[in-house]
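Q: Sharing a structure below in structure tokens format, with a few things to ask.
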Amino acid sequence: MSTSSFSLNDGTSIPALGFGTGTALMKQDAVDPTKTALRTGFTHFDTAQMYRTEDQLAAALADCGVPREKLYVTTKVAELKEGETVKDALQESLSKLKLDYVDLYLVHAPMHFSGRMKEVWKEMEAVKREGLTRSIGVSNFEIQDFEEFLSEATIKPAVNQIEFHPYVLGAFESLLEYSNKHGIRLESYGVLAPITREPGGPLDPVLSSVRTRLEQTWGKPVTEGQVLFKWCLQKGVVVVTTSSKEDRMKEYLAVLDMPDLTPEEMAEIDAAGRKKDRGDPELFGRYKQYVQLVRSRETNAQG
Ligand SMILES: NC(=O)c1ccc[n+]([C@@H]2O[C@H](COP(=O)([O-])OP(=O)(O)OC[C@H]3O[C@@H](n4cnc5c(N)ncnc54)[C@H](OP(=O)(O)O)[C@@H]3O)[C@@H](O)[C@H]2O)c1
């Protein structure tokens with residue numbers, strides 16, 4: 001069975017499964033799905049300055065009855081206006097979240113701070129020291145992005161939140177090695193891509209046969225999505241997912257009680273994942289498309 005939390009390099013720990021308010025819920029009504037996620041048993045919530053869902057997360061958490069210390073809240077910085085510091089941005093996020101501190105504060109992507117990461121990371125370290133966040137980390141960072149600031153960092157990033165599933169394994173081999181070497185915990189988004197956005201690939205028959213074997217062993221229904229989550233957790237990678245449906249949320253959380261994949265099944269999934277050439281020109285090309293989409297929606301809304 002999977003651990004329900006993972007340790008981070010700064011002595012804190014992070015719940016293994018998180019509920020995201022970006023992607024599908026971004027700029028929509030995230031309050032009701034988030035309340036449902038809370039009721040279902042999620043305690044780890046992921047938002048970002050860019051998602052415009054921090055205030056909705058606050059509304060969902062208000063009067064939820066779960067003590068603050070039992071909740072785990074992540075937000076991210078993507079934009080600093082002229083003259084604004086990381087602390088200013090975090091204070092604005094905290095005010096929207098109606099919290100005194102977050103558990104994890106991430107630099108959303110290197111593209112927002114190109115050539116400025118040394119200075120931005122110093123400011124990230126300062127907000128951690130001041131107690132405005134328990135942990136600091138990054139998202140969508142490749143090795144060259146770490147190299148820009150890591151040698152001068154006094155606090156290492158605790159996590160790197162990236163798109164992670166078997167179809168990125170080939171491309172991410174050296175990033176995984178680098179993260180291990182520096183004790184940076186990987187946190188995933190898009191784990192379900194092989195069945196939601198990229199079905200029909202070499203993983204399909206493998207996921208189906210592992211699912212059938214697990215159903216027989218466990219004696220309960222198992223989905224391909226649960227197999228992907230389990231694969232991720234067994235690699236020590238935190239899963240951040242989302243859903244608009246209560247049944248799906250329960251299905252996600254049940255993964256923590258599901259029996260483990262065997263070493264052979266893990267290896268079979270790795271091998272099938274590596275077979276697919278996704279043809280991405282860049283590792284985080286999809287993130288860049290996503291930022292363009294957010295910006296164009298905002299421009300249209302203003303115009
Ligand atoms: N740091 C970053 O740059 C970044 C980028 C992207 C995302 N994120 C974070 O990660 C969170 C999750 O991201 P994600 O959406 O990529 O996660 P995901 O876990 O890959 O996908 C979740 C989505 O898949 C749908 N789904 C689940 N099972 C399905 C099935 N069997 N068939 C069809 N659809 C199915 C769910 O829709 P239903 O409502 O139908 O269940 C939900 O919208 C986001 O909310 C955000 O917080 C971070």
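Residue numbering restarts at 1 for every chain of the structure tokens, chains are lettered A, B, ... in their displayed order, and ligands are numbered from 1 as they appear.
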Could you give me, as a VMD selection string, every polymer residue with an atom at most 8 Å away from an atom of ligand 1, counting only C-alpha atoms and all ligand atoms?

A: chain A and resid 19 to 26 45 to 48 108 to 109 139 to 140 161 to 163 188 to 193 195 to 196 223 to 225 239 to 245 248 to 249 287 290

Q: Compile the contact shell of Pro205 in chain A as a PyMOL selection string: residues with an atom at most 12 Å away, counting only C-alpha atoms, same-chain residues fewer than 3 positions apart removed.

A: chain A and resi 194-195+199-202+208-212+224+268-269+272-273

Q: Residues within 7 Å of range 120-129 of chain A, please, as a compact mmCIF listing (two decimals) with N, CA and C atoms, in the first residue's frame. Count only C-alpha atoms; anything in the same chain fewer than 6 positions from it doesn't count.

A:
# COMPACT_ATOMS: atom_id res chain seq x y z
N VAL A 86 8.54 39.13 -4.40
CA VAL A 86 7.90 37.84 -4.16
C VAL A 86 7.03 37.94 -2.90
N LYS A 87 7.54 38.65 -1.89
CA LYS A 87 6.77 38.80 -0.64
C LYS A 87 5.44 39.52 -0.90
N SER A 135 7.36 25.64 2.99
CA SER A 135 8.34 25.11 2.04
C SER A 135 8.33 25.96 0.79
N ILE A 136 9.45 25.91 0.08
CA ILE A 136 9.53 26.61 -1.20
C ILE A 136 10.00 25.64 -2.28
N ILE A 155 18.79 27.62 0.51
CA ILE A 155 17.73 26.63 0.74
C ILE A 155 17.43 26.00 -0.62

Q: Using only C-alpha atoms, which of the listed residues (A:Gly11, A:Leu106, A:Met258, A:Leu99) sits closest to Met50 in chain A?

A: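 Between A:Gly11, A:Leu106, A:Met258, A:Leu99, the residue approaching Met50 in chain A most closely is A:Leu106.
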
Q: With only C-alpha atoms as the basis for distance, which of A:Ala60, A:Gly18, A:Asp55, A:Thr217 is at the shortest distance from Phe42 in chain A?

A: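 Counting only C-alpha atoms, the residue closest to Phe42 in chain A is A:Gly18.
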